[in-house]
Amino acid sequence: MQDKTSFSKNGYLMLVVLLALTAFDFALLTQAKGLFFGITLIGALILALCFIGFYMVQPNQGKVMTLFGAYAGTDKTPGLRWTIPFYLRKSISLRVRNFESSRLKVNDKAGNPIEIATVVVWSVEDTAEALFEVDDYESFVTIQSEAALRTLATCYPYDQYQKDEVALRSHGQQISASLREEIQERLKKAGIQVHEARISHLAYAPEIANAMLQRQQAAAIIAARSKIVDGAVGMVEMALDKLTENGVVELDEERKATMVSNLLVVLCGDKNAQPVINAGTLY
């Protein structure tokens with residue numbers, strides 16, 4: 001079932017026409033007699049029935065029409081409208097809405113329990129499918145969005161453990177795009193258009209949060225130490241080259257090794273070095 005335009009007319013024009021016909025019929029009714037009076041009375045009843053066909057359409061709203069259980073179309077033209085009085089009309093909003101899921105507890109690709117939630121921005125695109133293909137399209141959006149979020153969370157790890165690996169925490173744009181596609185695939189049968197889907201909450205589950213925090217701290221310390229060592233080695237090389245280039249002092253291999261060891265201890269140590277003044281000879 002697909003959306004289609006229903007039969008409707010400009011309500012202001014039809015109001016003028018019906019009022020004019022009503023006035024004319026009332027004038028005839030006051031003067032009619034016998035059979036002509038009965039015909040005029042029936043005409044007045046038909047005109048009164050026609051006034052039931054007026055309805056109002058708000059901006060970004062649709063009126064879904066049904067006739068004796070059959071879908072007759074949807075009117076999306078805002079303003080005062082008129083249609084066949086026998087049509088049953090139901091309003092449906094076409095405005096953009098947002099939905100935030102509850103915090104779901106799932107396992108990521110590595111098997112770690114995490115808490116995750118999402119915000120989905122959506123709107124009704126096909127009114128016929130939204131009303132007649134599913135029982136409650138708002139509930140359908142909620143349940144299917146959370147199901148898509150669970151599926152997505154199991155396909156990616158929380159943190160990036162390998163190079164070029166897509167992770168939930170480090171690849172926000174890519175994860176959002178994948179989540180939107182997953183939700184859209186589930187909601188297209190209900191005539192729903194997903195405009196945006198983003199993760200609003202992401203954290204390790206409380207039972208492993210402390211252990212994972214220690215792991216992250218250890219990884220940060222290792223990365224920092226690696227940079228410190230790289231910088232210290234470069235500074236030692238530069239110091240030895242400068243001493244040799246300027247002829248300040250000539251050191252044999254043993255003294256170079258001692259100097260390198262002392263410089264690395266000073267540069268890589270956690271605490272400030274305590275200098276020791278050597279008043280004697282190096283040898």
# chains A, B, ... in the order shown; residues from 1 in each chain; ligands from 1
$ select_by_dssp --residues "region 29-272 of chain A" --states "helix (DSSP H, G or I)" --output "ChimeraX atom specification"
/A:29-31,35-53,127-132,137-153,172-190,206-246,253-268
$ closest_residue --among "A:Thr83, A:Thr127, A:Ser139, A:Thr66" --to "Asp3 (chain A)" --atoms "only C-alpha atoms"
A:Thr127
$ residues_around --residues "Phe7 (chain A)" --least-positions-apart "4" --cutoff "9 Å" --atoms "only C-alpha atoms" --output "list in words"
Met65, Ala72, Gly73, Thr74, Asp75, Trp82, Thr83 and Ile84 of chain A
$ closest_atom_pairs --of "region 51-102 of chain A" --to "region 144-160 of chain A" --cutoff "10 Å" --atoms "only C-alpha atoms" --output "Markdown table"
| residue | atom | partner | partner_atom | distance |
| --- | --- | --- | --- | --- |
| A:Phe99 | CA | A:Ser145 | CA | 9.1 |
| A:Glu100 | CA | A:Ser145 | CA | 9.4 |
| A:Ser101 | CA | A:Glu146 | CA | 6.5 |
| A:Ser102 | CA | A:Glu146 | CA | 8.1 |
$ select_by_dssp --residues "region 12-161 of chain A" --states "strand (DSSP E or B)" --output "mmCIF file with N, CA and C atoms, in the first residue's frame"
data_model
loop_
_atom_site.group_PDB
_atom_site.id
_atom_site.type_symbol
_atom_site.label_atom_id
_atom_site.label_comp_id
_atom_site.auth_asym_id
_atom_site.auth_seq_id
_atom_site.Cartn_x
_atom_site.Cartn_y
_atom_site.Cartn_z
ATOM 1 N N PHE A 54 -16.334 19.522 5.608
ATOM 2 C CA PHE A 54 -15.272 20.496 5.879
ATOM 3 C C PHE A 54 -14.327 19.975 6.957
ATOM 4 N N TYR A 55 -13.057 20.266 6.773
ATOM 5 C CA TYR A 55 -12.039 19.893 7.776
ATOM 6 C C TYR A 55 -10.834 20.818 7.604
ATOM 7 N N MET A 56 -9.983 20.843 8.611
ATOM 8 C CA MET A 56 -8.814 21.710 8.612
ATOM 9 C C MET A 56 -7.544 20.859 8.607
ATOM 10 N N VAL A 57 -6.590 21.246 7.754
ATOM 11 C CA VAL A 57 -5.287 20.579 7.687
ATOM 12 C C VAL A 57 -4.220 21.560 8.175
ATOM 13 N N GLN A 61 0.969 18.347 8.217
ATOM 14 C CA GLN A 61 0.018 17.360 8.712
ATOM 15 C C GLN A 61 -0.702 16.742 7.525
ATOM 16 N N GLY A 62 -1.131 15.514 7.670
ATOM 17 C CA GLY A 62 -1.878 14.847 6.623
ATOM 18 C C GLY A 62 -3.199 14.315 7.159
ATOM 19 N N LYS A 63 -4.210 14.333 6.305
ATOM 20 C CA LYS A 63 -5.505 13.747 6.640
ATOM 21 C C LYS A 63 -5.687 12.488 5.810
ATOM 22 N N VAL A 64 -5.719 11.362 6.469
ATOM 23 C CA VAL A 64 -5.875 10.082 5.784
ATOM 24 C C VAL A 64 -7.358 9.771 5.652
ATOM 25 N N MET A 65 -7.804 9.522 4.418
ATOM 26 C CA MET A 65 -9.224 9.292 4.129
ATOM 27 C C MET A 65 -9.490 7.803 3.911
ATOM 28 N N THR A 66 -10.575 7.326 4.509
ATOM 29 C CA THR A 66 -11.041 5.958 4.253
ATOM 30 C C THR A 66 -12.532 6.007 3.956
ATOM 31 N N LEU A 67 -12.948 5.150 3.057
ATOM 32 C CA LEU A 67 -14.361 5.068 2.678
ATOM 33 C C LEU A 67 -14.818 3.630 2.842
ATOM 34 N N ALA A 70 -11.965 1.188 3.051
ATOM 35 C CA ALA A 70 -10.972 1.214 1.966
ATOM 36 C C ALA A 70 -10.196 2.526 2.015
ATOM 37 N N TYR A 71 -8.896 2.449 1.768
ATOM 38 C CA TYR A 71 -8.060 3.640 1.763
ATOM 39 C C TYR A 71 -8.373 4.475 0.521
ATOM 40 N N ALA A 72 -8.721 5.756 0.742
ATOM 41 C CA ALA A 72 -9.118 6.629 -0.362
ATOM 42 C C ALA A 72 -8.063 7.670 -0.704
ATOM 43 N N GLY A 73 -7.050 7.837 0.133
ATOM 44 C CA GLY A 73 -5.999 8.809 -0.166
ATOM 45 C C GLY A 73 -5.681 9.675 1.037
ATOM 46 N N THR A 74 -4.704 10.559 0.849
ATOM 47 C CA THR A 74 -4.254 11.458 1.916
ATOM 48 C C THR A 74 -4.199 12.887 1.377
ATOM 49 N N ASP A 75 -4.718 13.820 2.164
ATOM 50 C CA ASP A 75 -4.674 15.235 1.806
ATOM 51 C C ASP A 75 -3.623 15.927 2.677
ATOM 52 N N GLY A 79 -4.740 24.198 5.325
ATOM 53 C CA GLY A 79 -5.835 25.147 5.222
ATOM 54 C C GLY A 79 -7.187 24.467 5.356
ATOM 55 N N LEU A 80 -8.245 25.232 5.059
ATOM 56 C CA LEU A 80 -9.610 24.700 5.098
ATOM 57 C C LEU A 80 -9.875 23.909 3.823
ATOM 58 N N ARG A 81 -10.309 22.660 3.989
ATOM 59 C CA ARG A 81 -10.545 21.781 2.846
ATOM 60 C C ARG A 81 -11.948 21.176 2.932
ATOM 61 N N TRP A 82 -12.395 20.659 1.778
ATOM 62 C CA TRP A 82 -13.697 19.991 1.723
ATOM 63 C C TRP A 82 -13.553 18.724 0.902
ATOM 64 N N LEU A 88 -14.120 9.006 6.163
ATOM 65 C CA LEU A 88 -13.623 9.101 7.527
ATOM 66 C C LEU A 88 -12.203 9.664 7.471
ATOM 67 N N ARG A 89 -11.913 10.635 8.312
ATOM 68 C CA ARG A 89 -10.634 11.349 8.244
ATOM 69 C C ARG A 89 -9.856 11.153 9.551
ATOM 70 N N LYS A 90 -8.588 10.849 9.393
ATOM 71 C CA LYS A 90 -7.708 10.695 10.564
ATOM 72 C C LYS A 90 -6.446 11.507 10.343
ATOM 73 N N SER A 91 -6.081 12.310 11.339
ATOM 74 C CA SER A 91 -4.897 13.174 11.233
ATOM 75 C C SER A 91 -3.637 12.392 11.568
ATOM 76 N N ILE A 92 -2.567 12.711 10.836
ATOM 77 C CA ILE A 92 -1.262 12.116 11.108
ATOM 78 C C ILE A 92 -0.190 13.191 10.910
ATOM 79 N N SER A 93 0.702 13.320 11.851
ATOM 80 C CA SER A 93 1.727 14.368 11.797
ATOM 81 C C SER A 93 2.860 13.963 10.858
ATOM 82 N N ARG A 97 10.415 14.325 14.218
ATOM 83 C CA ARG A 97 10.394 14.008 15.650
ATOM 84 C C ARG A 97 11.730 13.384 16.044
ATOM 85 N N ASN A 98 11.993 13.369 17.337
ATOM 86 C CA ASN A 98 13.185 12.676 17.819
ATOM 87 C C ASN A 98 12.802 11.715 18.936
ATOM 88 N N PHE A 99 13.541 10.660 19.002
ATOM 89 C CA PHE A 99 13.288 9.604 19.988
ATOM 90 C C PHE A 99 14.618 9.195 20.610
ATOM 91 N N GLU A 100 14.675 9.161 21.928
ATOM 92 C CA GLU A 100 15.885 8.717 22.635
ATOM 93 C C GLU A 100 15.591 7.391 23.307
ATOM 94 N N LEU A 104 20.700 0.654 26.968
ATOM 95 C CA LEU A 104 20.694 -0.792 26.790
ATOM 96 C C LEU A 104 22.021 -1.380 27.235
ATOM 97 N N LYS A 105 21.969 -2.537 27.857
ATOM 98 C CA LYS A 105 23.173 -3.245 28.285
ATOM 99 C C LYS A 105 23.405 -4.413 27.330
ATOM 100 N N VAL A 106 24.465 -4.335 26.539
ATOM 101 C CA VAL A 106 24.775 -5.358 25.533
ATOM 102 C C VAL A 106 26.267 -5.683 25.604
ATOM 103 N N ASN A 107 26.660 -6.710 24.884
ATOM 104 C CA ASN A 107 28.075 -7.067 24.758
ATOM 105 C C ASN A 107 28.601 -6.578 23.419
ATOM 106 N N PRO A 113 30.751 -6.203 28.354
ATOM 107 C CA PRO A 113 29.422 -5.600 28.569
ATOM 108 C C PRO A 113 29.508 -4.079 28.573
ATOM 109 N N ILE A 114 28.652 -3.430 27.791
ATOM 110 C CA ILE A 114 28.647 -1.973 27.692
ATOM 111 C C ILE A 114 27.224 -1.462 27.827
ATOM 112 N N GLU A 115 27.106 -0.178 28.132
ATOM 113 C CA GLU A 115 25.828 0.512 28.139
ATOM 114 C C GLU A 115 25.803 1.473 26.960
ATOM 115 N N ILE A 116 24.706 1.463 26.206
ATOM 116 C CA ILE A 116 24.635 2.274 24.992
ATOM 117 C C ILE A 116 23.205 2.771 24.802
ATOM 118 N N ALA A 117 23.077 3.983 24.271
ATOM 119 C CA ALA A 117 21.771 4.566 23.960
ATOM 120 C C ALA A 117 21.913 5.400 22.687
ATOM 121 N N THR A 118 20.794 5.681 22.059
ATOM 122 C CA THR A 118 20.824 6.420 20.794
ATOM 123 C C THR A 118 19.701 7.447 20.734
ATOM 124 N N VAL A 119 19.906 8.463 19.899
ATOM 125 C CA VAL A 119 18.877 9.449 19.578
ATOM 126 C C VAL A 119 18.581 9.316 18.086
ATOM 127 N N VAL A 120 17.314 9.115 17.747
ATOM 128 C CA VAL A 120 16.884 8.920 16.365
ATOM 129 C C VAL A 120 15.961 10.076 15.963
ATOM 130 N N VAL A 121 16.278 10.732 14.855
ATOM 131 C CA VAL A 121 15.447 11.802 14.300
ATOM 132 C C VAL A 121 14.694 11.226 13.100
ATOM 133 N N TRP A 122 13.368 11.265 13.140
ATOM 134 C CA TRP A 122 12.576 10.592 12.118
ATOM 135 C C TRP A 122 11.289 11.367 11.820
ATOM 136 N N SER A 123 10.644 10.987 10.735
ATOM 137 C CA SER A 123 9.356 11.568 10.367
ATOM 138 C C SER A 123 8.598 10.564 9.509
ATOM 139 N N VAL A 124 7.289 10.756 9.416
ATOM 140 C CA VAL A 124 6.444 9.899 8.582
ATOM 141 C C VAL A 124 6.555 10.372 7.138
#
$ decode --residues "region 152-166 of chain A" --atoms "all heavy atoms" --output "mmCIF file, in the first residue's frame"
data_model
loop_
_atom_site.group_PDB
_atom_site.id
_atom_site.type_symbol
_atom_site.label_atom_id
_atom_site.label_comp_id
_atom_site.auth_asym_id
_atom_site.auth_seq_id
_atom_site.Cartn_x
_atom_site.Cartn_y
_atom_site.Cartn_z
ATOM 1 N N LEU A 152 23.922 -3.384 16.160
ATOM 2 C CA LEU A 152 25.114 -2.603 15.833
ATOM 3 C C LEU A 152 26.187 -2.754 16.904
ATOM 4 O O LEU A 152 27.374 -2.887 16.593
ATOM 5 C CB LEU A 152 24.737 -1.137 15.674
ATOM 6 C CG LEU A 152 25.905 -0.203 15.346
ATOM 7 C CD1 LEU A 152 26.151 -0.185 13.847
ATOM 8 C CD2 LEU A 152 25.642 1.211 15.842
ATOM 9 N N ALA A 153 25.778 -2.715 18.173
ATOM 10 C CA ALA A 153 26.750 -2.774 19.265
ATOM 11 C C ALA A 153 27.533 -4.081 19.275
ATOM 12 O O ALA A 153 28.703 -4.110 19.677
ATOM 13 C CB ALA A 153 26.042 -2.573 20.604
ATOM 14 N N THR A 154 26.922 -5.156 18.820
ATOM 15 C CA THR A 154 27.622 -6.449 18.814
ATOM 16 C C THR A 154 28.573 -6.597 17.631
ATOM 17 O O THR A 154 29.347 -7.546 17.583
ATOM 18 C CB THR A 154 26.597 -7.597 18.770
ATOM 19 O OG1 THR A 154 25.792 -7.479 17.596
ATOM 20 C CG2 THR A 154 25.698 -7.569 19.992
ATOM 21 N N CYS A 155 28.525 -5.668 16.684
ATOM 22 C CA CYS A 155 29.361 -5.760 15.475
ATOM 23 C C CYS A 155 30.659 -4.973 15.592
ATOM 24 O O CYS A 155 31.536 -5.105 14.735
ATOM 25 C CB CYS A 155 28.584 -5.274 14.252
ATOM 26 S SG CYS A 155 27.133 -6.268 13.835
ATOM 27 N N TYR A 156 30.799 -4.142 16.619
ATOM 28 C CA TYR A 156 31.986 -3.303 16.769
ATOM 29 C C TYR A 156 32.496 -3.377 18.207
ATOM 30 O O TYR A 156 31.693 -3.493 19.142
ATOM 31 C CB TYR A 156 31.676 -1.839 16.428
ATOM 32 C CG TYR A 156 31.218 -1.623 15.008
ATOM 33 C CD1 TYR A 156 29.864 -1.550 14.697
ATOM 34 C CD2 TYR A 156 32.129 -1.496 13.968
ATOM 35 C CE1 TYR A 156 29.434 -1.352 13.391
ATOM 36 C CE2 TYR A 156 31.711 -1.296 12.660
ATOM 37 C CZ TYR A 156 30.363 -1.220 12.387
ATOM 38 O OH TYR A 156 29.941 -1.028 11.100
ATOM 39 N N PRO A 157 33.805 -3.267 18.405
ATOM 40 C CA PRO A 157 34.340 -3.207 19.769
ATOM 41 C C PRO A 157 34.159 -1.808 20.362
ATOM 42 O O PRO A 157 33.975 -0.836 19.627
ATOM 43 C CB PRO A 157 35.821 -3.544 19.578
ATOM 44 C CG PRO A 157 36.127 -3.064 18.200
ATOM 45 C CD PRO A 157 34.877 -3.288 17.389
ATOM 46 N N TYR A 158 34.230 -1.732 21.670
ATOM 47 C CA TYR A 158 34.107 -0.430 22.335
ATOM 48 C C TYR A 158 35.313 0.447 22.022
ATOM 49 O O TYR A 158 35.163 1.605 21.641
ATOM 50 C CB TYR A 158 33.989 -0.645 23.841
ATOM 51 C CG TYR A 158 33.864 0.626 24.647
ATOM 52 C CD1 TYR A 158 32.614 1.139 24.966
ATOM 53 C CD2 TYR A 158 34.990 1.299 25.107
ATOM 54 C CE1 TYR A 158 32.482 2.310 25.705
ATOM 55 C CE2 TYR A 158 34.870 2.470 25.841
ATOM 56 C CZ TYR A 158 33.624 2.969 26.148
ATOM 57 O OH TYR A 158 33.517 4.127 26.871
ATOM 58 N N ASP A 159 36.522 -0.113 22.184
ATOM 59 C CA ASP A 159 37.764 0.614 21.931
ATOM 60 C C ASP A 159 38.482 0.029 20.729
ATOM 61 O O ASP A 159 38.259 -1.130 20.351
ATOM 62 C CB ASP A 159 38.692 0.568 23.145
ATOM 63 C CG ASP A 159 38.406 1.708 24.114
ATOM 64 O OD1 ASP A 159 38.212 2.845 23.641
ATOM 65 O OD2 ASP A 159 38.368 1.456 25.330
ATOM 66 N N GLN A 160 39.351 0.815 20.146
ATOM 67 C CA GLN A 160 40.150 0.383 18.994
ATOM 68 C C GLN A 160 41.380 -0.353 19.501
ATOM 69 O O GLN A 160 42.317 0.242 20.007
ATOM 70 C CB GLN A 160 40.550 1.595 18.152
ATOM 71 C CG GLN A 160 41.231 1.238 16.842
ATOM 72 C CD GLN A 160 41.557 2.473 16.025
ATOM 73 O OE1 GLN A 160 41.625 3.575 16.556
ATOM 74 N NE2 GLN A 160 41.768 2.294 14.737
ATOM 75 N N TYR A 161 41.375 -1.685 19.365
ATOM 76 C CA TYR A 161 42.489 -2.497 19.846
ATOM 77 C C TYR A 161 43.526 -2.751 18.751
ATOM 78 O O TYR A 161 44.669 -3.068 19.041
ATOM 79 C CB TYR A 161 41.968 -3.843 20.380
ATOM 80 C CG TYR A 161 40.985 -3.693 21.516
ATOM 81 C CD1 TYR A 161 39.662 -4.111 21.369
ATOM 82 C CD2 TYR A 161 41.367 -3.113 22.719
ATOM 83 C CE1 TYR A 161 38.757 -3.964 22.407
ATOM 84 C CE2 TYR A 161 40.459 -2.965 23.758
ATOM 85 C CZ TYR A 161 39.155 -3.398 23.598
ATOM 86 O OH TYR A 161 38.259 -3.253 24.624
ATOM 87 N N GLN A 162 43.117 -2.659 17.502
ATOM 88 C CA GLN A 162 44.024 -2.869 16.386
ATOM 89 C C GLN A 162 43.993 -1.658 15.465
ATOM 90 O O GLN A 162 43.015 -0.909 15.429
ATOM 91 C CB GLN A 162 43.630 -4.134 15.594
ATOM 92 C CG GLN A 162 43.663 -5.413 16.425
ATOM 93 C CD GLN A 162 43.200 -6.609 15.616
ATOM 94 O OE1 GLN A 162 42.903 -6.505 14.432
ATOM 95 N NE2 GLN A 162 43.160 -7.760 16.259
ATOM 96 N N LYS A 163 45.050 -1.477 14.719
ATOM 97 C CA LYS A 163 45.147 -0.347 13.808
ATOM 98 C C LYS A 163 44.096 -0.496 12.697
ATOM 99 O O LYS A 163 43.864 -1.588 12.187
ATOM 100 C CB LYS A 163 46.553 -0.275 13.209
ATOM 101 C CG LYS A 163 46.785 0.979 12.380
ATOM 102 C CD LYS A 163 48.198 1.021 11.857
ATOM 103 C CE LYS A 163 48.434 2.281 11.039
ATOM 104 N NZ LYS A 163 49.817 2.340 10.488
ATOM 105 N N ASP A 164 43.476 0.621 12.343
ATOM 106 C CA ASP A 164 42.447 0.685 11.299
ATOM 107 C C ASP A 164 41.184 -0.091 11.655
ATOM 108 O O ASP A 164 40.355 -0.380 10.784
ATOM 109 C CB ASP A 164 42.994 0.169 9.953
ATOM 110 C CG ASP A 164 44.173 0.999 9.464
ATOM 111 O OD1 ASP A 164 44.209 2.200 9.778
ATOM 112 O OD2 ASP A 164 45.051 0.435 8.776
ATOM 113 N N GLU A 165 41.005 -0.427 12.923
ATOM 114 C CA GLU A 165 39.792 -1.110 13.363
ATOM 115 C C GLU A 165 38.724 -0.072 13.721
ATOM 116 O O GLU A 165 39.007 0.901 14.422
ATOM 117 C CB GLU A 165 40.079 -2.006 14.562
ATOM 118 C CG GLU A 165 38.887 -2.833 15.016
ATOM 119 C CD GLU A 165 39.204 -3.695 16.224
ATOM 120 O OE1 GLU A 165 40.113 -3.321 16.994
ATOM 121 O OE2 GLU A 165 38.572 -4.742 16.390
ATOM 122 N N VAL A 166 37.507 -0.281 13.248
ATOM 123 C CA VAL A 166 36.402 0.634 13.542
ATOM 124 C C VAL A 166 35.855 0.308 14.928
ATOM 125 O O VAL A 166 35.490 -0.837 15.206
ATOM 126 C CB VAL A 166 35.291 0.515 12.484
ATOM 127 C CG1 VAL A 166 34.137 1.449 12.823
ATOM 128 C CG2 VAL A 166 35.838 0.826 11.103
#
